[in-house]
>>> print(open('upload09.cif').read())   # mmCIF, C-alpha atoms and all ligand atoms
data_structure
#
loop_
_atom_site.label_atom_id
_atom_site.label_comp_id
_atom_site.auth_asym_id
_atom_site.auth_seq_id
_atom_site.Cartn_x
_atom_site.Cartn_y
_atom_site.Cartn_z
CA MET X 1 118.58 95.07 103.05
CA PRO X 2 115.33 96.58 104.31
CA GLU X 3 112.36 95.39 102.25
CA LEU X 4 108.78 96.64 102.02
CA PRO X 5 107.72 95.76 105.60
CA GLU X 6 110.83 97.36 107.09
CA VAL X 7 110.42 100.58 105.09
CA GLU X 8 106.69 100.65 105.91
CA THR X 9 107.58 100.24 109.61
CA ILE X 10 109.84 103.29 109.40
CA ALA X 11 107.15 105.26 107.51
CA GLU X 12 104.65 104.35 110.23
CA ASN X 13 107.17 105.28 112.96
CA LEU X 14 107.66 108.67 111.26
CA ARG X 15 103.91 109.27 111.01
CA GLN X 16 103.53 108.47 114.71
CA SER X 17 106.44 110.70 115.68
CA ALA X 18 104.47 113.79 114.63
CA LEU X 19 107.08 114.86 112.10
CA THR X 20 104.36 116.00 109.72
CA GLY X 21 103.49 119.66 110.08
CA ILE X 22 107.03 120.51 111.20
CA VAL X 23 109.27 122.83 109.21
CA ILE X 24 112.75 121.80 108.11
CA GLU X 25 115.17 124.30 109.62
CA ASP X 26 118.39 123.09 108.05
CA LEU X 27 120.19 120.22 106.45
CA VAL X 28 123.72 119.15 107.28
CA ILE X 29 125.52 116.60 105.15
CA TYR X 30 128.70 114.82 106.19
CA TRP X 31 128.91 112.44 103.22
CA THR X 32 127.96 114.26 100.04
CA LYS X 33 127.43 111.11 97.97
CA SER X 34 124.41 110.23 100.12
CA ILE X 35 122.63 112.96 98.11
CA ALA X 36 121.83 111.97 94.54
CA HIS X 37 121.49 114.20 91.45
CA PHE X 38 121.87 117.52 93.31
CA SER X 39 124.71 119.42 94.84
CA VAL X 40 124.48 119.63 98.60
CA GLU X 41 123.86 123.39 98.40
CA GLU X 42 121.06 123.02 95.84
CA TYR X 43 119.38 120.23 97.78
CA ARG X 44 119.60 122.22 100.98
CA ARG X 45 118.18 125.37 99.36
CA LYS X 46 115.19 123.47 97.93
CA ILE X 47 114.08 121.88 101.20
CA MET X 48 114.99 124.47 103.85
CA GLY X 49 111.98 126.26 105.33
CA GLN X 50 109.58 123.67 103.89
CA MET X 51 107.10 121.74 105.99
CA ILE X 52 106.82 117.95 105.87
CA THR X 53 103.17 117.44 104.89
CA HIS X 54 102.84 113.70 104.37
CA ILE X 55 104.85 110.49 104.79
CA SER X 56 104.38 107.49 102.52
CA ARG X 57 106.20 104.69 100.72
CA ARG X 58 106.53 103.16 97.25
CA GLY X 59 108.27 99.78 97.06
CA LYS X 60 111.37 100.12 99.24
CA ASN X 61 111.39 103.92 98.95
CA LEU X 62 110.35 106.23 101.75
CA ILE X 63 108.62 109.45 100.62
CA LEU X 64 108.52 112.72 102.56
CA ALA X 65 106.16 115.18 100.85
CA LEU X 66 107.04 118.85 101.34
CA SER X 67 104.87 121.98 101.36
CA ASN X 68 106.49 123.25 98.12
CA ASP X 69 105.29 120.10 96.25
CA LEU X 70 108.72 118.51 96.23
CA PHE X 71 109.31 115.02 97.59
CA ILE X 72 112.33 113.76 99.47
CA ILE X 73 112.81 110.11 98.48
CA ILE X 74 114.98 107.97 100.75
CA HIS X 75 116.30 104.58 99.67
CA LEU X 76 118.03 102.79 102.53
CA ARG X 77 119.74 100.18 100.30
CA MET X 78 122.05 97.80 102.24
CA SER X 79 122.50 99.41 105.61
CA GLY X 80 120.69 102.76 105.75
CA ARG X 81 118.86 103.60 108.99
CA LEU X 82 116.85 106.57 110.13
CA ILE X 83 117.12 107.87 113.66
CA LEU X 84 114.91 110.52 115.23
CA CYS X 85 116.50 112.26 118.19
CA GLU X 86 116.90 115.58 119.98
CA ASP X 87 119.38 118.06 118.50
CA TRP X 88 121.63 117.94 121.59
CA ASN X 89 122.50 114.29 120.98
CA PRO X 90 126.13 114.08 119.82
CA ILE X 91 126.62 113.19 116.16
CA ARG X 92 127.73 109.58 115.91
CA LYS X 93 129.91 107.84 113.37
CA HIS X 94 128.10 106.91 110.13
CA GLU X 95 125.46 109.65 110.54
CA HIS X 96 125.80 111.19 107.08
CA ILE X 97 122.72 113.42 106.78
CA ILE X 98 121.08 115.48 109.52
CA LEU X 99 117.65 116.98 108.87
CA LYS X 100 117.19 119.64 111.53
CA MET X 101 113.55 120.30 112.37
CA ARG X 102 112.16 123.51 113.82
CA ASN X 103 110.85 121.67 116.92
CA GLY X 104 114.38 120.72 118.03
CA LYS X 105 114.23 117.19 116.65
CA GLU X 106 116.69 115.77 114.14
CA LEU X 107 116.09 113.08 111.58
CA ARG X 108 119.47 111.45 111.02
CA PHE X 109 120.54 109.13 108.24
CA HIS X 110 122.96 106.51 109.49
CA ASP X 111 124.56 104.35 106.81
CA THR X 112 127.62 102.21 107.52
CA ARG X 113 128.00 100.94 103.95
CA LYS X 114 127.11 104.26 102.30
CA PHE X 115 124.92 102.83 99.51
CA GLY X 116 121.76 104.58 100.72
CA ARG X 117 120.58 107.66 98.79
CA TRP X 118 118.39 110.72 99.30
CA TYR X 119 116.70 111.97 96.15
CA LEU X 120 114.45 114.94 95.45
CA THR X 121 111.69 115.09 92.85
CA ASP X 122 108.59 117.06 91.92
CA ASN X 123 107.05 114.15 90.02
CA LEU X 124 106.51 110.83 91.76
CA ASN X 125 105.07 109.07 88.69
CA LEU X 126 108.11 109.95 86.66
CA PHE X 127 110.51 109.12 89.49
CA PHE X 128 108.95 105.67 89.99
CA LYS X 129 108.23 104.95 86.32
CA ASN X 130 110.38 101.81 86.37
CA LEU X 131 108.72 100.25 89.40
CA GLY X 132 106.24 97.41 89.00
CA PHE X 133 103.25 96.36 91.12
CA GLU X 134 102.80 97.89 94.54
CA PRO X 135 101.76 94.65 96.27
CA LEU X 136 99.63 96.08 99.09
CA ASN X 137 97.81 98.47 96.79
CA ASP X 138 94.39 97.88 95.13
CA THR X 139 96.11 97.92 91.74
CA PHE X 140 97.77 94.59 92.60
CA THR X 141 95.00 92.21 91.51
CA LEU X 142 95.00 88.48 90.75
CA ASP X 143 94.03 89.20 87.14
CA ALA X 144 96.82 91.69 86.56
CA PHE X 145 99.38 89.46 88.32
CA THR X 146 98.30 86.44 86.23
CA LYS X 147 98.60 88.43 83.01
CA GLU X 148 102.11 89.68 83.81
CA LEU X 149 103.32 86.22 84.92
CA LYS X 150 102.06 84.66 81.67
CA LYS X 151 103.86 87.28 79.58
CA ARG X 152 107.20 86.17 80.97
CA SER X 153 109.18 82.97 81.07
CA ARG X 154 111.48 83.64 84.00
CA ALA X 155 112.30 81.70 87.15
CA LEU X 156 110.15 83.01 89.98
CA LYS X 157 112.96 83.83 92.38
CA PRO X 158 114.68 86.45 90.18
CA LEU X 159 111.35 87.65 88.75
CA LEU X 160 109.89 88.43 92.19
CA LEU X 161 113.13 90.18 93.17
CA ASP X 162 112.90 92.35 90.05
CA GLN X 163 111.59 95.74 91.22
CA SER X 164 110.28 96.54 87.74
CA PHE X 165 107.95 93.53 88.03
CA ILE X 166 106.88 93.91 91.65
CA ALA X 167 108.24 96.53 94.05
CA GLY X 168 109.24 95.98 97.65
CA LEU X 169 110.16 92.31 97.78
CA GLY X 170 113.70 91.19 98.58
CA ASN X 171 115.37 87.91 99.47
CA ILE X 172 113.55 87.35 102.77
CA TYR X 173 109.97 87.88 101.65
CA VAL X 174 110.39 86.15 98.27
CA ASP X 175 111.65 82.96 99.94
CA GLU X 176 108.86 83.12 102.51
CA ALA X 177 106.13 83.75 99.90
CA LEU X 178 107.32 80.89 97.66
CA TRP X 179 107.36 78.54 100.66
CA GLU X 180 103.87 79.54 101.72
CA ALA X 181 102.58 79.04 98.16
CA LYS X 182 104.43 75.67 97.89
CA VAL X 183 106.16 76.74 94.69
CA HIS X 184 109.78 75.92 93.78
CA PRO X 185 111.94 79.06 93.34
CA LYS X 186 113.08 77.90 89.88
CA THR X 187 109.55 77.40 88.51
CA LEU X 188 109.08 79.44 85.35
CA SER X 189 106.47 82.18 85.63
CA ASN X 190 104.44 80.99 82.63
CA GLN X 191 104.34 77.41 83.89
CA LEU X 192 102.35 78.06 87.04
CA SER X 193 98.88 76.58 87.26
CA LYS X 194 95.90 78.82 87.95
CA GLY X 195 95.77 77.44 91.50
CA GLN X 196 99.48 78.11 92.09
CA ILE X 197 99.15 81.69 90.86
CA LYS X 198 96.24 82.30 93.21
CA LYS X 199 98.21 80.88 96.16
CA LEU X 200 101.35 82.84 95.28
CA PHE X 201 99.36 86.08 94.91
CA GLN X 202 97.85 85.61 98.36
CA SER X 203 101.16 84.48 99.90
CA ILE X 204 102.96 87.62 98.75
CA ILE X 205 100.31 89.77 100.44
CA ASN X 206 100.30 87.56 103.56
CA VAL X 207 104.07 87.58 104.17
CA LEU X 208 104.29 91.36 103.66
CA LYS X 209 101.36 92.07 105.98
CA LYS X 210 102.79 89.75 108.62
CA GLY X 211 106.15 91.53 108.30
CA ILE X 212 104.49 94.90 108.87
CA ILE X 213 102.46 93.65 111.85
CA ASN X 214 105.72 92.32 113.36
CA ARG X 215 107.44 95.67 112.62
CA GLY X 216 110.04 94.21 110.30
CA THR X 217 112.65 91.46 110.26
CA SER X 218 115.84 92.12 112.29
CA LEU X 219 118.32 89.42 111.37
CA GLY X 220 121.78 88.79 112.75
CA SER X 221 123.02 88.49 116.29
CA GLY X 222 124.64 91.36 118.18
CA LYS X 223 124.01 94.01 115.55
CA PRO X 224 120.83 93.14 113.63
CA ASN X 225 120.42 94.56 110.14
CA PHE X 226 117.19 96.40 110.83
CA TYR X 227 115.99 98.83 113.46
CA GLY X 228 112.92 101.04 113.49
CA LEU X 229 113.14 104.79 113.89
CA MET X 230 113.64 104.72 117.66
CA GLY X 231 116.20 101.91 117.55
CA VAL X 232 113.63 99.18 118.21
CA GLN X 233 114.13 95.82 116.48
CA GLY X 234 111.34 94.07 114.62
CA SER X 235 110.13 90.60 115.64
CA ASN X 236 109.35 89.04 112.26
CA GLN X 237 112.55 86.96 112.35
CA GLU X 238 110.87 84.79 114.98
CA GLY X 239 108.06 83.89 112.58
CA LEU X 240 110.12 83.02 109.46
CA ASN X 241 109.47 79.58 107.98
CA VAL X 242 112.42 79.02 105.62
CA PHE X 243 114.63 82.09 105.26
CA ARG X 244 118.12 81.33 106.68
CA LEU X 245 116.77 78.14 108.28
CA THR X 246 118.93 75.76 106.23
CA GLY X 247 119.16 72.35 107.91
CA LYS X 248 116.12 72.95 110.13
CA PRO X 249 112.88 71.00 109.68
CA CYS X 250 110.19 72.52 107.48
CA PRO X 251 107.42 73.73 109.82
CA ARG X 252 104.83 72.19 107.49
CA CYS X 253 106.20 68.74 106.58
CA GLY X 254 109.30 68.18 108.74
CA ASN X 255 111.69 67.66 105.82
CA ILE X 256 115.00 69.47 105.94
CA ILE X 257 115.16 72.99 104.49
CA GLU X 258 117.83 73.44 101.86
CA LYS X 259 119.79 76.39 100.53
CA ILE X 260 120.51 76.69 96.82
CA ILE X 261 121.73 79.53 94.63
CA VAL X 262 119.19 80.83 92.13
CA ALA X 263 120.25 83.71 89.89
CA GLN X 264 123.23 84.40 92.21
CA ARG X 265 121.01 84.72 95.26
CA SER X 266 120.90 82.40 98.26
CA THR X 267 117.51 80.74 98.22
CA HIS X 268 115.93 78.76 101.05
CA PHE X 269 113.19 76.24 100.36
CA CYS X 270 111.67 72.91 101.33
CA PRO X 271 112.42 70.33 98.61
CA HIS X 272 109.40 68.31 99.66
CA CYS X 273 106.70 71.04 99.82
CA GLN X 274 108.18 73.02 96.95
CA ASN X 275 108.70 70.30 94.40
CA LEU X 276 109.81 71.40 90.92
CA GLY X 277 107.65 68.61 89.46
ZN ZN O 301 107.99 71.16 103.70
#
>>> encode(input="upload09.cif", output="structure tokens", more="lines below")
Ligand SMILES: [Zn+2]
Amino acid sequence: MPELPEVETIAENLRQSALTGIVIEDLVIYWTKSIAHFSVEEYRRKIMGQMITHISRRGKNLILALSNDLFIIIHLRMSGRLILCEDWNPIRKHEHIILKMRNGKELRFHDTRKFGRWYLTDNLNLFFKNLGFEPLNDTFTLDAFTKELKKRSRALKPLLLDQSFIAGLGNIYVDEALWEAKVHPKTLSNQLSKGQIKKLFQSIINVLKKGIINRGTSLGSGKPNFYGLMGVQGSNQEGLNVFRLTGKPCPRCGNIIEKIIVAQRSTHFCPHCQNLG
């Protein structure tokens, strides 16, 4: 599933593709369930003729601001992809939504597993009211993070995956951040030392920034799970330290990386560096 760095990569690709300032000519939907809360006709009526004014992101959600003060929110979920192409390109299998732009370009939503959703809202605060910290934002501070960790007594792995606690992290970046901070995934949030909290805070920011610089993590051979807007793969998979590296030596201490299940999620860690104590 695309996480914060992958969604940010797509947002950045969209900003660079000069999609802002272009008017939406039409919307064609081949799989109606990809649209949430609205009928296809209603959704289409609300966005047609509107200009895309700004492209941003919150957690794993992509946000297209429109000239009528509505926002298209796209959540890619498991397998959603966005493709920007010319309108003469034949429609391919799994392309469920086609946003036709006035300049002859099309933004297409490709989703093999069909869990991805397009929403529409006029109120971002209300729409995202259940999301927690935005980790690359100024509001994510060491003080605030410390306070929220102390309030809870939950294992770090599920807590950091919980979007209502911190938004944008998924399995890859949680495992990488915990490894970098040398913290065991089962450590309870209120049992971290001051030093561990400081390291974890910085590690979360570091792994996300590295993921963005590397334009996302494209895992899997043959058909990787992530592509940018123009079908380009990211390179962050080459710089991972623990995620899906079970049986390989830890890059820091040489001990063997293990895989365990924590809160039903596969979790990769170094039992030597990340000692439960
Ligand atoms: Zn190690």
>>> closest_atom_pairs(input="upload09.cif", of="chain X", to="ligand ZN 301 (chain O)", cutoff="10 Å", atoms="only C-alpha atoms and all ligand atoms", output="CSV")
residue,atom,partner,partner_atom,distance
X:Trp179,CA,O:ZN301,ZN,8.0
X:Glu180,CA,O:ZN301,ZN,9.5
X:Lys182,CA,O:ZN301,ZN,8.2
X:Asn241,CA,O:ZN301,ZN,9.6
X:Val242,CA,O:ZN301,ZN,9.2
X:Pro249,CA,O:ZN301,ZN,7.7
X:Cys250,CA,O:ZN301,ZN,4.6
X:Pro251,CA,O:ZN301,ZN,6.7
X:Arg252,CA,O:ZN301,ZN,5.0
X:Cys253,CA,O:ZN301,ZN,4.2
X:Gly254,CA,O:ZN301,ZN,6.0
X:Asn255,CA,O:ZN301,ZN,5.5
X:Ile256,CA,O:ZN301,ZN,7.6
X:Ile257,CA,O:ZN301,ZN,7.4
X:Phe269,CA,O:ZN301,ZN,8.0
X:Cys270,CA,O:ZN301,ZN,4.7
X:Pro271,CA,O:ZN301,ZN,6.8
X:His272,CA,O:ZN301,ZN,5.1
X:Cys273,CA,O:ZN301,ZN,4.1
X:Gln274,CA,O:ZN301,ZN,7.0
X:Asn275,CA,O:ZN301,ZN,9.4
>>> closest_atom_pairs(input="upload09.cif", of="stretch 59-167 of chain X", to="stretch 17-27 of chain X", cutoff="7 Å", atoms="all atoms listed in the file", output="Markdown table")
| residue | atom | partner | partner_atom | distance |
| --- | --- | --- | --- | --- |
| X:Ile98 | CA | X:Leu27 | CA | 5.7 |
| X:Leu99 | CA | X:Leu27 | CA | 4.8 |
| X:Lys100 | CA | X:Asp26 | CA | 5.0 |
| X:Met101 | CA | X:Ile24 | CA | 4.6 |
| X:Arg102 | CA | X:Glu25 | CA | 5.2 |
| X:Asn103 | CA | X:Ile22 | CA | 7.0 |
>>> closest_residue(input="upload09.cif", among="X:Glu86, X:Asp175, X:Asp111, X:Glu6", to="X:Ser266", atoms="all atoms listed in the file")
X:Asp175
>>> residues_near_point(input="upload09.cif", point="(122.0, 110.5, 115.0)", cutoff="10 Å", atoms="only C-alpha atoms", output="short mmCIF file (atom, residue, chain, number, x, y, z; two decimals) with C-alpha atoms, in the frame of the given file")
data_model
loop_
_atom_site.label_atom_id
_atom_site.label_comp_id
_atom_site.auth_asym_id
_atom_site.auth_seq_id
_atom_site.Cartn_x
_atom_site.Cartn_y
_atom_site.Cartn_z
CA ARG X 81 118.86 103.60 108.99
CA LEU X 82 116.85 106.57 110.13
CA ILE X 83 117.12 107.87 113.66
CA LEU X 84 114.91 110.52 115.23
CA CYS X 85 116.50 112.26 118.19
CA GLU X 86 116.90 115.58 119.98
CA ASP X 87 119.38 118.06 118.50
CA TRP X 88 121.63 117.94 121.59
CA ASN X 89 122.50 114.29 120.98
CA PRO X 90 126.13 114.08 119.82
CA ILE X 91 126.62 113.19 116.16
CA ARG X 92 127.73 109.58 115.91
CA LYS X 93 129.91 107.84 113.37
CA HIS X 94 128.10 106.91 110.13
CA GLU X 95 125.46 109.65 110.54
CA HIS X 96 125.80 111.19 107.08
CA ILE X 97 122.72 113.42 106.78
CA ILE X 98 121.08 115.48 109.52
CA LEU X 99 117.65 116.98 108.87
CA GLU X 106 116.69 115.77 114.14
CA LEU X 107 116.09 113.08 111.58
CA ARG X 108 119.47 111.45 111.02
CA PHE X 109 120.54 109.13 108.24
CA HIS X 110 122.96 106.51 109.49
#
>>> atom_distance(input="upload09.cif", atom1="atom CA of X:Val207", atom2="atom CA of X:Arg117")
26.5 Å
>>> atom_distance(input="upload09.cif", atom1="atom CA of X:Phe115", atom2="atom CA of X:Phe226")
15.1 Å
>>> residues_around(input="upload09.cif", residues="X:Gln196", least_positions_apart="6", cutoff="12 Å", atoms="all atoms listed in the file", output="JSON, numbers by chain")
{"X": [142, 145, 146, 149, 156, 177, 178, 179, 180, 181, 182, 183, 184, 187, 188, 189, 190, 202, 203, 274]}
>>> closest_residue(input="upload09.cif", among="X:Glu176, X:His268, X:Arg215, X:Phe38", to="X:Tyr227", atoms="only C-alpha atoms")
X:Arg215
>>> closest_residue(input="upload09.cif", among="X:Ile73, X:Ile197, X:Leu208, X:Ala11", to="X:Asn123", atoms="only C-alpha atoms")
X:Ile73
>>> closest_residue(input="upload09.cif", among="X:Leu161, X:Met1, X:Leu192, X:Val7", to="X:Gly211", atoms="all atoms listed in the file")
X:Val7
>>> atom_distance(input="upload09.cif", atom1="atom CA of X:Ile166", atom2="atom CA of X:Glu134")
6.4 Å
>>> residues_around(input="upload09.cif", residues="stretch 118-122 of chain X", least_positions_apart="5", cutoff="10 Å", atoms="all atoms listed in the file", output="list of chain:residue names")
X:Lys33, X:Ser34, X:Ile35, X:Ala36, X:His37, X:Phe38, X:Tyr43, X:Lys46, X:Ile47, X:Asn61, X:Leu62, X:Ile63, X:Leu64, X:Ala65, X:Leu66, X:Asn68, X:Asp69, X:Leu70, X:Phe71, X:Ile72, X:Ile73, X:Ile74, X:His75, X:Leu76, X:Ile97, X:Phe109, X:Phe127
>>> residues_near_point(input="upload09.cif", point="(110.3, 97.3, 108.0)", cutoff="12 Å", atoms="all atoms listed in the file", output="ChimeraX atom specification")
/X:1-13,57,59-62,76,80-82,168-170,172-173,208-219,225-229,232-237
>>> closest_residue(input="upload09.cif", among="X:Lys248, X:Lys129, X:Lys198, X:Lys186", to="X:Arg154", atoms="only C-alpha atoms")
X:Lys186
>>> closest_residue(input="upload09.cif", among="X:Phe201, X:Pro185, X:Gly222, X:Thr112", to="X:Ala155", atoms="all atoms listed in the file")
X:Pro185
